[in-house]
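Here's input26.cif, which has mmCIF, C-alpha atoms:
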```cif
data_target
loop_
_atom_site.label_atom_id
_atom_site.label_comp_id
_atom_site.auth_asym_id
_atom_site.auth_seq_id
_atom_site.Cartn_x
_atom_site.Cartn_y
_atom_site.Cartn_z
CA MET N 1 -61.96 -22.65 44.02
CA GLU N 2 -61.91 -21.34 40.45
CA VAL N 3 -60.08 -24.40 39.16
CA HIS N 4 -62.62 -26.70 40.91
CA ALA N 5 -65.47 -24.71 39.41
CA GLN N 6 -64.03 -25.02 35.90
CA ILE N 7 -63.57 -28.78 36.33
CA ALA N 8 -67.16 -29.13 37.48
CA GLU N 9 -68.35 -27.01 34.53
CA GLN N 10 -66.48 -29.23 32.03
CA VAL N 11 -67.92 -32.41 33.60
CA LEU N 12 -71.48 -31.12 33.62
CA ALA N 13 -71.27 -29.62 30.12
CA GLU N 14 -69.24 -32.55 28.79
CA ASP N 15 -66.99 -29.98 27.07
CA PHE N 16 -63.44 -31.27 27.62
CA LEU N 17 -60.04 -29.95 26.44
CA ARG N 18 -58.64 -32.60 24.09
CA ARG N 19 -55.24 -33.26 22.59
CA PRO N 20 -55.77 -35.01 19.27
CA HIS N 21 -53.57 -37.91 18.22
CA TRP N 22 -52.17 -35.92 15.29
CA ALA N 23 -50.99 -33.02 17.51
CA ASP N 24 -47.43 -34.39 17.80
CA ILE N 25 -47.19 -34.70 14.02
CA ILE N 26 -48.36 -31.09 13.53
CA GLU N 27 -45.87 -29.77 16.09
CA VAL N 28 -42.98 -31.77 14.58
CA LEU N 29 -43.87 -30.54 11.08
CA TYR N 30 -44.04 -26.96 12.40
CA LEU N 31 -40.64 -27.35 14.07
CA ALA N 32 -39.04 -28.96 11.00
CA GLY N 33 -40.56 -26.44 8.60
CA LEU N 34 -39.52 -23.39 10.62
CA GLY N 35 -36.03 -24.78 11.26
CA LEU N 36 -35.48 -25.63 7.58
CA LEU N 37 -36.79 -22.20 6.54
CA LEU N 38 -34.30 -20.48 8.84
CA VAL N 39 -31.41 -22.64 7.67
CA LEU N 40 -32.18 -21.82 4.02
CA LEU N 41 -32.88 -18.12 4.47
CA LEU N 42 -30.11 -17.14 6.90
CA PRO N 43 -27.27 -17.21 4.33
CA ARG N 44 -29.40 -15.31 1.82
CA LEU N 45 -31.32 -12.75 3.88
CA GLY N 46 -29.16 -12.34 6.96
CA ALA N 47 -29.96 -12.54 10.64
CA ALA N 48 -32.24 -9.49 10.85
CA TRP N 49 -34.67 -10.52 8.09
CA CYS N 50 -34.69 -14.14 9.27
CA ALA N 51 -35.56 -12.99 12.79
CA LEU N 52 -38.56 -11.11 11.36
CA VAL N 53 -39.65 -14.19 9.36
CA ALA N 54 -39.33 -16.39 12.45
CA LEU N 55 -41.38 -13.97 14.55
CA LEU N 56 -44.14 -13.88 11.92
CA VAL N 57 -44.26 -17.68 11.65
CA ALA N 58 -44.22 -18.08 15.45
CA ALA N 59 -47.01 -15.49 15.79
CA ALA N 60 -49.04 -17.40 13.22
CA ALA N 61 -48.46 -20.66 15.15
CA PHE N 62 -49.55 -19.08 18.43
CA GLY N 63 -52.63 -17.62 16.71
CA ALA N 64 -53.57 -20.98 15.22
CA SER N 65 -53.13 -22.66 18.63
CA TRP N 66 -55.37 -20.06 20.25
CA GLN N 67 -58.05 -20.51 17.60
CA ALA N 68 -57.92 -24.31 18.03
CA PHE N 69 -58.35 -23.87 21.78
CA THR N 70 -61.20 -21.36 21.71
CA ARG N 71 -63.21 -22.93 18.89
CA ALA N 72 -62.54 -26.67 19.05
CA ARG N 73 -61.12 -27.14 22.54
CA LEU N 74 -57.99 -28.65 21.00
CA MET N 75 -54.64 -28.39 22.78
CA LEU N 76 -51.74 -27.73 20.39
CA ASP N 77 -48.38 -26.62 21.84
CA PRO N 78 -46.61 -23.84 19.88
CA VAL N 79 -44.13 -23.00 22.68
CA TYR N 80 -41.76 -25.99 22.60
CA PRO N 81 -41.32 -26.02 18.78
CA SER N 82 -40.78 -22.23 18.82
CA LEU N 83 -38.08 -22.55 21.49
CA VAL N 84 -36.34 -25.28 19.49
CA ALA N 85 -36.58 -23.10 16.36
CA LEU N 86 -35.00 -20.27 18.38
CA VAL N 87 -32.08 -22.55 19.22
CA VAL N 88 -31.78 -23.47 15.53
CA TYR N 89 -31.79 -19.76 14.63
CA MET N 90 -29.07 -18.96 17.16
CA ILE N 91 -26.85 -21.84 16.05
CA SER N 92 -27.32 -20.98 12.36
CA SER N 93 -26.59 -17.31 13.08
CA LEU N 94 -23.42 -18.28 14.90
CA ILE N 95 -22.28 -20.48 12.02
CA THR N 96 -23.05 -17.73 9.52
CA TYR N 97 -21.16 -15.19 11.65
CA LEU N 98 -18.10 -17.42 11.90
CA ARG N 99 -18.18 -18.09 8.16
CA THR N 100 -18.54 -14.38 7.42
CA GLU N 101 -15.62 -13.51 9.70
CA ALA N 102 -13.48 -16.15 7.98
CA GLU N 103 -14.40 -14.74 4.57
CA ARG N 104 -13.74 -11.20 5.79
CA ARG N 105 -10.28 -12.19 6.99
CA GLN N 106 -9.64 -13.87 3.67
CA VAL N 107 -10.75 -10.78 1.75
CA ARG N 108 -8.63 -8.52 3.95
CA HIS N 109 -5.64 -10.75 3.38
CA ALA N 110 -6.26 -10.80 -0.37
CA PHE N 111 -6.76 -7.02 -0.65
CA SER N 112 -3.69 -6.37 1.50
CA ARG N 113 -1.72 -7.70 -1.49
CA TYR N 114 -3.23 -4.98 -3.68
CA MET N 115 -3.38 -2.18 -1.11
CA SER N 116 -1.57 -1.23 2.06
CA PRO N 117 -2.62 -3.58 4.91
CA VAL N 118 -3.01 -0.51 7.12
CA LEU N 119 -5.41 1.01 4.58
CA VAL N 120 -7.38 -2.24 4.32
CA GLU N 121 -7.86 -2.34 8.09
CA ARG N 122 -8.83 1.32 8.13
CA LEU N 123 -11.45 0.79 5.43
CA ALA N 124 -12.78 -2.33 7.19
CA GLU N 125 -13.27 -0.34 10.38
CA ASN N 126 -14.65 2.74 8.60
CA PRO N 127 -16.48 1.71 5.40
CA HIS N 128 -17.71 5.28 4.90
CA LEU N 129 -14.17 6.19 3.83
CA LEU N 130 -14.66 4.10 0.69
CA LYS N 131 -15.61 7.01 -1.54
CA LEU N 132 -13.97 9.44 -3.92
CA GLY N 133 -12.06 12.27 -2.32
CA GLY N 134 -8.70 13.27 -0.89
CA GLU N 135 -6.85 15.38 1.61
CA MET N 136 -3.74 17.55 1.48
CA ARG N 137 -0.71 16.21 3.33
CA GLU N 138 3.01 16.76 3.38
CA MET N 139 4.33 13.47 2.03
CA THR N 140 7.53 11.86 0.85
CA LEU N 141 7.32 10.15 -2.55
CA LEU N 142 9.62 7.44 -3.88
CA PHE N 143 10.09 6.15 -7.41
CA ALA N 144 12.44 3.23 -8.04
CA ASP N 145 13.18 1.89 -11.52
CA ILE N 146 15.57 -0.71 -12.95
CA ARG N 147 18.23 0.79 -15.21
CA GLY N 148 18.76 -0.86 -18.58
CA PHE N 149 15.70 -3.02 -18.16
CA THR N 150 15.31 -3.52 -21.91
CA THR N 151 18.70 -5.25 -22.12
CA ILE N 152 17.91 -7.44 -19.13
CA SER N 153 14.48 -8.40 -20.45
CA GLU N 154 16.04 -9.83 -23.63
CA GLN N 155 17.40 -12.72 -21.56
CA PHE N 156 13.95 -14.04 -20.63
CA ASP N 157 10.75 -15.22 -22.21
CA ALA N 158 7.45 -13.75 -20.96
CA GLN N 159 7.05 -16.17 -18.05
CA GLY N 160 10.69 -15.97 -17.05
CA LEU N 161 10.59 -12.18 -17.12
CA THR N 162 7.49 -12.19 -14.92
CA ARG N 163 9.21 -14.43 -12.37
CA PHE N 164 12.29 -12.21 -12.47
CA ILE N 165 10.30 -9.03 -11.88
CA ASN N 166 8.30 -10.59 -9.05
CA ARG N 167 11.50 -11.83 -7.46
CA PHE N 168 12.88 -8.29 -7.58
CA LEU N 169 9.74 -6.47 -6.46
CA THR N 170 9.02 -8.70 -3.45
CA PRO N 171 12.10 -7.83 -1.32
CA MET N 172 11.96 -4.18 -2.41
CA THR N 173 8.33 -4.03 -1.27
CA ASP N 174 9.23 -5.70 2.04
CA ILE N 175 11.87 -3.05 2.69
CA ILE N 176 9.50 -0.17 1.92
CA MET N 177 6.73 -1.55 4.13
CA LYS N 178 9.20 -2.36 6.92
CA HIS N 179 10.04 1.35 7.01
CA HIS N 180 6.35 2.39 7.19
CA GLY N 181 5.90 3.12 3.49
CA THR N 182 2.77 2.51 1.41
CA ILE N 183 3.03 0.97 -2.05
CA ASP N 184 1.03 3.07 -4.49
CA LYS N 185 1.47 0.98 -7.62
CA TYR N 186 3.82 -1.10 -9.74
CA MET N 187 4.48 0.11 -13.28
CA GLY N 188 6.35 -2.72 -14.95
CA ASP N 189 9.77 -2.67 -13.29
CA CYS N 190 9.04 0.60 -11.44
CA ILE N 191 7.80 0.97 -7.86
CA MET N 192 5.91 4.03 -6.64
CA ALA N 193 5.56 4.42 -2.89
CA PHE N 194 4.82 7.15 -0.38
CA TRP N 195 5.06 7.95 3.31
CA ASN N 196 2.76 9.80 5.77
CA ALA N 197 -0.49 8.28 4.50
CA PRO N 198 -2.87 6.75 5.31
CA LEU N 199 -1.38 6.94 8.83
CA ASP N 200 0.61 9.87 10.17
CA ASP N 201 4.39 9.52 10.03
CA PRO N 202 6.25 12.56 11.36
CA ARG N 203 9.56 11.01 10.20
CA HIS N 204 8.34 10.34 6.67
CA ALA N 205 11.31 11.93 4.87
CA ARG N 206 13.83 10.10 7.06
CA ASN N 207 12.00 6.79 6.75
CA GLY N 208 11.87 7.15 2.98
CA CYS N 209 15.62 7.79 2.80
CA VAL N 210 16.45 4.89 5.13
CA ALA N 211 14.28 2.63 2.97
CA ALA N 212 16.06 3.80 -0.19
CA LEU N 213 19.48 3.08 1.33
CA ALA N 214 18.30 -0.34 2.47
CA MET N 215 16.98 -1.10 -1.04
CA ARG N 216 20.36 -0.21 -2.57
CA ASP N 217 22.29 -2.28 -0.01
CA TYR N 218 20.02 -5.28 -0.53
CA LEU N 219 20.55 -5.05 -4.27
CA VAL N 220 24.29 -5.63 -3.81
CA GLU N 221 23.66 -8.98 -2.13
CA TRP N 222 20.90 -9.78 -4.60
CA ASN N 223 23.30 -9.28 -7.53
CA LYS N 224 25.81 -11.66 -5.93
CA GLN N 225 23.13 -14.32 -5.58
CA MET N 226 21.91 -13.83 -9.16
CA ALA N 227 25.49 -13.99 -10.47
CA ALA N 228 26.05 -17.32 -8.69
CA GLU N 229 22.80 -18.71 -10.11
CA ALA N 230 23.67 -17.52 -13.62
CA GLU N 231 27.13 -19.08 -13.39
CA ALA N 232 25.67 -22.39 -12.22
CA ALA N 233 23.22 -22.35 -15.14
CA GLY N 234 25.91 -21.34 -17.64
CA LYS N 235 24.15 -18.11 -18.51
CA PRO N 236 25.48 -14.54 -18.69
CA HIS N 237 24.73 -12.27 -15.78
CA HIS N 238 23.92 -8.57 -16.05
CA ALA N 239 24.17 -6.78 -12.73
CA LEU N 240 20.96 -5.04 -11.74
CA HIS N 241 21.10 -1.34 -10.91
CA VAL N 242 18.22 0.76 -9.65
CA GLY N 243 17.66 4.48 -9.82
CA ILE N 244 15.65 5.99 -6.96
CA GLY N 245 14.06 9.43 -6.76
CA LEU N 246 12.75 10.89 -3.49
CA ASN N 247 10.89 14.14 -3.01
CA THR N 248 8.89 15.70 -0.17
CA GLY N 249 6.04 18.17 -0.52
CA ASN N 250 2.33 18.86 -0.16
CA CYS N 251 0.20 16.44 -2.16
CA CYS N 252 -3.40 15.36 -2.42
CA VAL N 253 -3.85 11.77 -1.26
CA GLY N 254 -7.07 9.77 -1.27
CA ASN N 255 -9.37 7.71 -3.46
CA MET N 256 -8.73 8.76 -7.06
CA GLY N 257 -10.58 7.52 -10.13
CA SER N 258 -14.23 7.15 -11.05
CA ASP N 259 -17.41 6.05 -9.34
CA GLN N 260 -16.95 2.61 -10.91
CA ARG N 261 -13.34 2.04 -9.87
CA PHE N 262 -10.79 4.01 -7.90
CA ASP N 263 -7.41 3.61 -6.24
CA TYR N 264 -5.91 5.04 -3.08
CA SER N 265 -3.22 7.19 -4.66
CA VAL N 266 -1.48 10.56 -4.53
CA ILE N 267 -1.26 13.40 -7.03
CA GLY N 268 0.53 16.73 -7.10
CA ASP N 269 3.45 18.65 -8.54
CA ASP N 270 5.84 17.16 -6.00
CA VAL N 271 4.85 13.66 -7.16
CA ASN N 272 5.89 14.57 -10.69
CA LEU N 273 9.18 15.96 -9.41
CA ALA N 274 9.95 12.72 -7.57
CA SER N 275 9.40 10.82 -10.82
CA ARG N 276 11.68 13.23 -12.71
CA LEU N 277 14.40 12.84 -10.07
CA GLU N 278 14.38 9.08 -10.52
CA GLY N 279 14.94 9.62 -14.24
CA GLN N 280 17.91 11.91 -13.54
CA SER N 281 19.69 9.33 -11.39
CA LYS N 282 21.20 7.78 -14.53
CA VAL N 283 22.33 11.15 -15.89
CA TYR N 284 24.25 12.06 -12.73
CA GLY N 285 25.46 8.54 -11.91
CA ALA N 286 23.79 8.64 -8.50
CA ASP N 287 21.70 5.75 -7.21
CA ILE N 288 19.46 7.93 -5.02
CA VAL N 289 18.48 11.49 -5.95
CA LEU N 290 16.69 13.77 -3.47
CA GLY N 291 14.57 16.85 -3.91
CA PRO N 292 15.40 19.97 -1.86
CA SER N 293 12.80 19.49 0.88
CA THR N 294 13.79 15.87 1.44
CA ALA N 295 17.46 16.78 1.61
CA GLU N 296 16.69 19.52 4.13
CA GLN N 297 14.96 17.04 6.45
CA VAL N 298 17.85 14.55 6.32
CA ALA N 299 20.70 17.07 6.38
CA ASP N 300 22.60 14.91 8.88
CA HIS N 301 22.94 12.14 6.28
CA ALA N 302 25.78 11.88 3.78
CA ILE N 303 24.31 13.98 0.96
CA LEU N 304 25.93 16.09 -1.74
CA GLU N 305 24.37 18.67 -4.02
CA LEU N 306 24.30 17.43 -7.60
CA ASP N 307 23.09 20.41 -9.58
CA LEU N 308 20.69 23.31 -9.95
CA LEU N 309 18.32 21.61 -12.35
CA GLN N 310 15.23 22.63 -14.27
CA VAL N 311 13.51 19.31 -14.83
CA LYS N 312 11.39 18.72 -17.89
CA GLY N 313 7.90 20.13 -17.49
CA LYS N 314 8.85 22.72 -14.85
CA THR N 315 9.76 26.37 -15.30
CA LYS N 316 11.71 26.89 -12.07
CA PRO N 317 14.99 25.16 -11.20
CA VAL N 318 15.45 23.11 -8.02
CA ARG N 319 18.54 21.98 -6.19
CA ILE N 320 18.91 18.24 -6.36
CA PHE N 321 21.06 16.08 -4.11
CA ALA N 322 22.64 12.64 -4.03
CA LEU N 323 21.99 10.50 -0.96
CA LEU N 324 25.20 8.53 -0.50
CA ARG N 325 25.14 7.02 3.00
CA ASP N 326 23.60 7.35 6.44
CA ALA N 327 24.27 9.86 9.23
CA ALA N 328 27.13 7.84 10.73
CA PHE N 329 29.04 7.92 7.44
CA ALA N 330 28.46 11.67 7.17
CA GLN N 331 30.53 12.21 10.33
CA GLN N 332 33.65 10.52 8.96
CA PRO N 333 36.53 12.93 8.21
CA GLU N 334 36.96 11.56 4.67
CA PHE N 335 33.41 12.46 3.73
CA GLN N 336 33.62 15.84 5.45
CA ALA N 337 36.67 16.64 3.30
CA LEU N 338 34.89 15.46 0.14
CA ARG N 339 31.82 17.56 0.92
CA ALA N 340 33.96 20.68 1.41
CA LYS N 341 35.81 20.16 -1.87
CA HIS N 342 32.58 19.37 -3.68
CA GLY N 343 31.03 22.61 -2.48
CA GLN N 344 34.06 24.54 -3.76
CA LEU N 345 33.75 22.76 -7.11
CA LEU N 346 30.11 23.81 -7.56
CA ALA N 347 30.96 27.39 -6.60
CA ALA N 348 33.80 27.54 -9.14
CA TYR N 349 31.63 25.96 -11.84
CA ARG N 350 28.77 28.41 -11.33
CA GLY N 351 31.27 31.27 -11.16
CA ARG N 352 32.68 30.25 -14.59
CA GLN N 353 36.10 29.60 -13.08
CA TRP N 354 36.78 26.67 -15.37
CA ASP N 355 40.44 26.03 -14.49
CA ASP N 356 39.69 26.02 -10.76
CA ALA N 357 36.70 23.78 -11.33
CA LEU N 358 38.80 21.22 -13.26
CA ARG N 359 41.43 21.24 -10.53
CA LEU N 360 38.77 20.71 -7.86
CA ILE N 361 37.32 17.82 -9.87
CA GLU N 362 40.66 16.03 -9.62
CA GLU N 363 40.84 16.73 -5.89
CA CYS N 364 37.32 15.38 -5.42
CA LEU N 365 38.18 12.27 -7.39
CA ALA N 366 41.13 11.68 -5.10
CA LEU N 367 38.70 11.68 -2.16
CA ASP N 368 36.12 9.51 -3.90
CA THR N 369 35.79 5.94 -2.58
CA LYS N 370 33.75 2.83 -3.27
CA TYR N 371 31.26 4.14 -0.71
CA THR N 372 30.56 7.36 -2.62
CA ARG N 373 31.15 6.38 -6.27
CA LEU N 374 30.99 9.83 -7.84
CA ARG N 375 33.24 9.31 -10.88
CA ALA N 376 30.32 9.48 -13.32
CA LEU N 377 29.20 12.78 -11.78
CA TYR N 378 32.62 14.37 -12.06
CA ALA N 379 33.01 13.05 -15.62
CA LEU N 380 29.73 14.83 -16.42
CA TYR N 381 31.01 18.12 -14.98
CA ARG N 382 34.33 17.77 -16.80
CA ALA N 383 32.48 17.33 -20.10
CA ARG N 384 30.29 20.36 -19.37
CA ILE N 385 33.30 22.53 -18.57
CA GLU N 386 35.06 21.49 -21.78
CA ALA N 387 31.90 22.31 -23.74
CA PHE N 388 31.62 25.72 -22.04
CA ARG N 389 35.25 26.44 -22.83
CA ALA N 390 34.57 25.79 -26.48
CA SER N 391 31.24 27.63 -26.45
CA PRO N 392 30.84 29.92 -23.40
CA PRO N 393 27.35 30.14 -21.85
CA ALA N 394 25.19 33.23 -22.26
CA PRO N 395 25.92 36.18 -19.96
CA GLU N 396 22.68 35.60 -18.03
CA TRP N 397 23.60 31.95 -17.33
CA ASP N 398 23.32 31.33 -13.58
CA GLY N 399 24.47 27.72 -13.35
CA VAL N 400 21.07 26.20 -14.10
CA THR N 401 20.99 23.00 -16.14
CA VAL N 402 17.89 22.38 -18.22
CA ALA N 403 17.01 18.69 -18.37
CA THR N 404 16.32 17.41 -21.85
CA SER N 405 14.77 14.09 -20.79
CA LYS N 406 12.48 12.78 -18.09
#
```

Write the structure described by the file as structure tokens, please.
Amino acid sequence: MEVHAQIAEQVLAEDFLRRPHWADIIEVLYLAGLGLLLVLLLPRLGAAWCALVALLVAAAAFGASWQAFTRARLMLDPVYPSLVALVVYMISSLITYLRTEAERRQVRHAFSRYMSPVLVERLAENPHLLKLGGEMREMTLLFADIRGFTTISEQFDAQGLTRFINRFLTPMTDIIMKHHGTIDKYMGDCIMAFWNAPLDDPRHARNGCVAALAMRDYLVEWNKQMAAEAEAAGKPHHALHVGIGLNTGNCCVGNMGSDQRFDYSVIGDDVNLASRLEGQSKVYGADIVLGPSTAEQVADHAILELDLLQVKGKTKPVRIFALLRDAAFAQQPEFQALRAKHGQLLAAYRGRQWDDALRLIEECLALDTKYTRLRALYALYRARIEAFRASPPAPEWDGVTVATSK
């Protein structure tokens, strides 16, 4: 009845609802304008702001349509163009999202070459962690450095040396990361790495030692390959040797630096000791030198005490150890005999029993093999004993050696 009444009213009043011929053009222009606006603004403003702009434009279109209806009895359709614009918005948002995800994956991949991939994922999931600050953790630190690098570098020009270093650092890095380590930084030919951060690793000391042994074993094969390449090229080959220092202790790990730039790194006295131990590897002729806490946590491995050493920069001495082989090698009777004789040698040396110490050195050398390679260490102790014979140590001497270099 109401519809009939309205029809009759329009006929009698001659006041009809009209759709002008230009209505289609207006609606198409509205659709094209809103769609183009969304396409242009989405990459710049993001989905949220573009949604607000679209709502404001759509509200204006509906308002204009209502005014045209109430004042001029014109029928303009804002619904269909708005729905099409909504589809355009959703498709553009989807494209932008996919592009952003692709860029995010690319950035994660790129930054994983500068930082630990685990840390990159952790920061991507928790951006609030990207700020200055640290936490105290028990960690195992590793420093690895090429011995005699200056002599080796003389064989190359700048580009060749860069390729050589990269070729060395890549497999060493792979080994560290395979054993759950985090690369802190590269310092020329030196690698600094740590375990038990950013993720927990209850076996951090053991994993660090296994990684160090794997690095040394890989270097043997690497030297064979480099020797073959040098021979084929008619160039001299200098075998590469690496000194590794490992130490375990409480350190502060986190984002270190300034508000403008910072790195995820670790600081602490035990970090410095690990660096000093790497430097002492050449002095004692040991490829891998351990601090006391690390040695305690891998006591089942083939380790021998090297010395009671006061490293440069510290006032208290620490016992340092050589990591020779894994736990299986430590169970072999030959190594058990060497460890017993070595312990007797250190006791005689610290007790100033020089003749007994020299005799024990010869007995230790008889037990030394290509798997232990301790001749440089025993040559060092023989030289010390001869020096003490010529000039006896002070009465208060307690066997401590004071390091004169880093």

(message) Translate the PyMOL selection byres ((chain N and resi 184) around 12) into a concrete residue list for this structure, as an MDAnalysis selection string.
(response) chainID N and resid 113:116 119 141:144 173 176:177 181:183 185:187 190:195 197:198 253:256 263:267 271

(message) Would you pick out the contacts of N:Ala58 at 10 Å or less, using only C-alpha atoms, so that residues sharing its chain but fewer than 2 positions from it are not included, and give the list as JSON, numbers by chain?
(response) {"N": [30, 34, 52, 53, 54, 55, 56, 60, 61, 62, 63, 64, 78, 79, 81, 82, 83, 85, 86]}

(request) Tell me, in Å to one decimal, how far atom CA of N:Leu277 is from atom CA of N:Leu377. (result) 14.9 Å

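Across N:Lys282, N:Arg203, N:Arg319, N:Arg19, the tightest approach to N:Ser405 is made by N:Lys282 when counting all atoms listed in the file.
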
(message) Under the rule that all atoms listed in the file are counted, which of N:Glu154, N:Asp326, N:Asp77, N:Glu396 is the nearest residue to N:Asp217?
(response)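 So, comparing all the options, the nearest one is N:Asp326.
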
Step by step, work through what the PyMOL selection byres ((chain N and resi 299-311) around 8) selects in the shown file, and finish by giving those residues as a tab-separated table (two decimals) with C-alpha atoms, in the frame of the given file.
```tsv
chain	number	residue	atom	x	y	z
N	273	LEU	CA	9.18	15.96	-9.41
N	276	ARG	CA	11.68	13.23	-12.71
N	284	TYR	CA	24.25	12.06	-12.73
N	295	ALA	CA	17.46	16.78	1.61
N	296	GLU	CA	16.69	19.52	4.13
N	297	GLN	CA	14.96	17.04	6.45
N	298	VAL	CA	17.85	14.55	6.32
N	312	LYS	CA	11.39	18.72	-17.89
N	313	GLY	CA	7.90	20.13	-17.49
N	314	LYS	CA	8.85	22.72	-14.85
N	315	THR	CA	9.76	26.37	-15.30
N	316	LYS	CA	11.71	26.89	-12.07
N	317	PRO	CA	14.99	25.16	-11.20
N	318	VAL	CA	15.45	23.11	-8.02
N	319	ARG	CA	18.54	21.98	-6.19
N	320	ILE	CA	18.91	18.24	-6.36
N	321	PHE	CA	21.06	16.08	-4.11
N	322	ALA	CA	22.64	12.64	-4.03
N	323	LEU	CA	21.99	10.50	-0.96
N	324	LEU	CA	25.20	8.53	-0.50
N	325	ARG	CA	25.14	7.02	3.00
N	326	ASP	CA	23.60	7.35	6.44
N	327	ALA	CA	24.27	9.86	9.23
N	328	ALA	CA	27.13	7.84	10.73
N	329	PHE	CA	29.04	7.92	7.44
N	330	ALA	CA	28.46	11.67	7.17
N	335	PHE	CA	33.41	12.46	3.73
N	339	ARG	CA	31.82	17.56	0.92
N	342	HIS	CA	32.58	19.37	-3.68
N	343	GLY	CA	31.03	22.61	-2.48
N	377	LEU	CA	29.20	12.78	-11.78
N	399	GLY	CA	24.47	27.72	-13.35
N	400	VAL	CA	21.07	26.20	-14.10
N	401	THR	CA	20.99	23.00	-16.14
N	402	VAL	CA	17.89	22.38	-18.22
N	403	ALA	CA	17.01	18.69	-18.37
N	404	THR	CA	16.32	17.41	-21.85
N	406	LYS	CA	12.48	12.78	-18.09
```

(message) Can you translate the PyMOL selection byres ((chain N and resi 291) around 6) into the concrete residues it hits in this file, as a list in words?
(response)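 So the PyMOL selection byres ((chain N and resi 291) around 6) ends up selecting Asn247, Leu290, Pro292, Ser293, Thr294 and Ile320 of chain N.
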
Padded axis-aligned box of stretch 47-55 of chain N (6 Å per side), centre and edge lengths, Å, one decimal, as AutoDock Vina command-line options:
```
--center_x -35.7 --center_y -12.9 --center_z 11.3 --size_x 23.4 --size_y 18.9 --size_z 18.5
```

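Neighbours of N:Ser281 closer than or equal to 6 Å, with all atoms listed in the file counted and sequence neighbours fewer than 6 positions away skipped, come out as N:Gly243, N:Asp287, N:Val289.
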
Write a file of the just-selected residues containing C-alpha atoms, as a short mmCIF file (atom, residue, chain, number, x, y, z; two decimals), in the frame of the given file.
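Dumped to result38.cif:
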```cif
data_model
loop_
_atom_site.label_atom_id
_atom_site.label_comp_id
_atom_site.auth_asym_id
_atom_site.auth_seq_id
_atom_site.Cartn_x
_atom_site.Cartn_y
_atom_site.Cartn_z
CA GLY N 243 17.66 4.48 -9.82
CA ASP N 287 21.70 5.75 -7.21
CA VAL N 289 18.48 11.49 -5.95
#
```

(request) For atom CA of N:Ala387 and atom CA of N:Thr369, determine how far apart the two atoms are, in Å to one decimal place. (result) 27.0 Å

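In this comparison, which uses only C-alpha atoms, the residue of N:Pro117, N:Glu9, N:Met172, N:His241 approaching N:Val220 most closely is N:His241.
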
(message) Could you tell me how far atom CA of N:Asp189 sits from atom CA of N:Arg167, in Å to one decimal place?
(response) 11.0 Å

Give me the residues within 12 Å of N:Glu386 as an mmCIF file with C-alpha atoms, keeping the file's coordinate frame, counting all atoms listed in the file and dropping any in the same chain fewer than 6 places off.
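The resulting file, result.cif, is shown below:
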```cif
data_model
loop_
_atom_site.group_PDB
_atom_site.id
_atom_site.type_symbol
_atom_site.label_atom_id
_atom_site.label_comp_id
_atom_site.auth_asym_id
_atom_site.auth_seq_id
_atom_site.Cartn_x
_atom_site.Cartn_y
_atom_site.Cartn_z
ATOM 1 C CA TYR N 349 31.630 25.960 -11.840
ATOM 2 C CA ARG N 352 32.680 30.250 -14.590
ATOM 3 C CA GLN N 353 36.100 29.600 -13.080
ATOM 4 C CA TRP N 354 36.780 26.670 -15.370
ATOM 5 C CA ASP N 355 40.440 26.030 -14.490
ATOM 6 C CA ALA N 357 36.700 23.780 -11.330
ATOM 7 C CA LEU N 358 38.800 21.220 -13.260
ATOM 8 C CA ALA N 379 33.010 13.050 -15.620
ATOM 9 C CA LEU N 380 29.730 14.830 -16.420
ATOM 10 C CA PRO N 392 30.840 29.920 -23.400
ATOM 11 C CA PRO N 393 27.350 30.140 -21.850
#
```
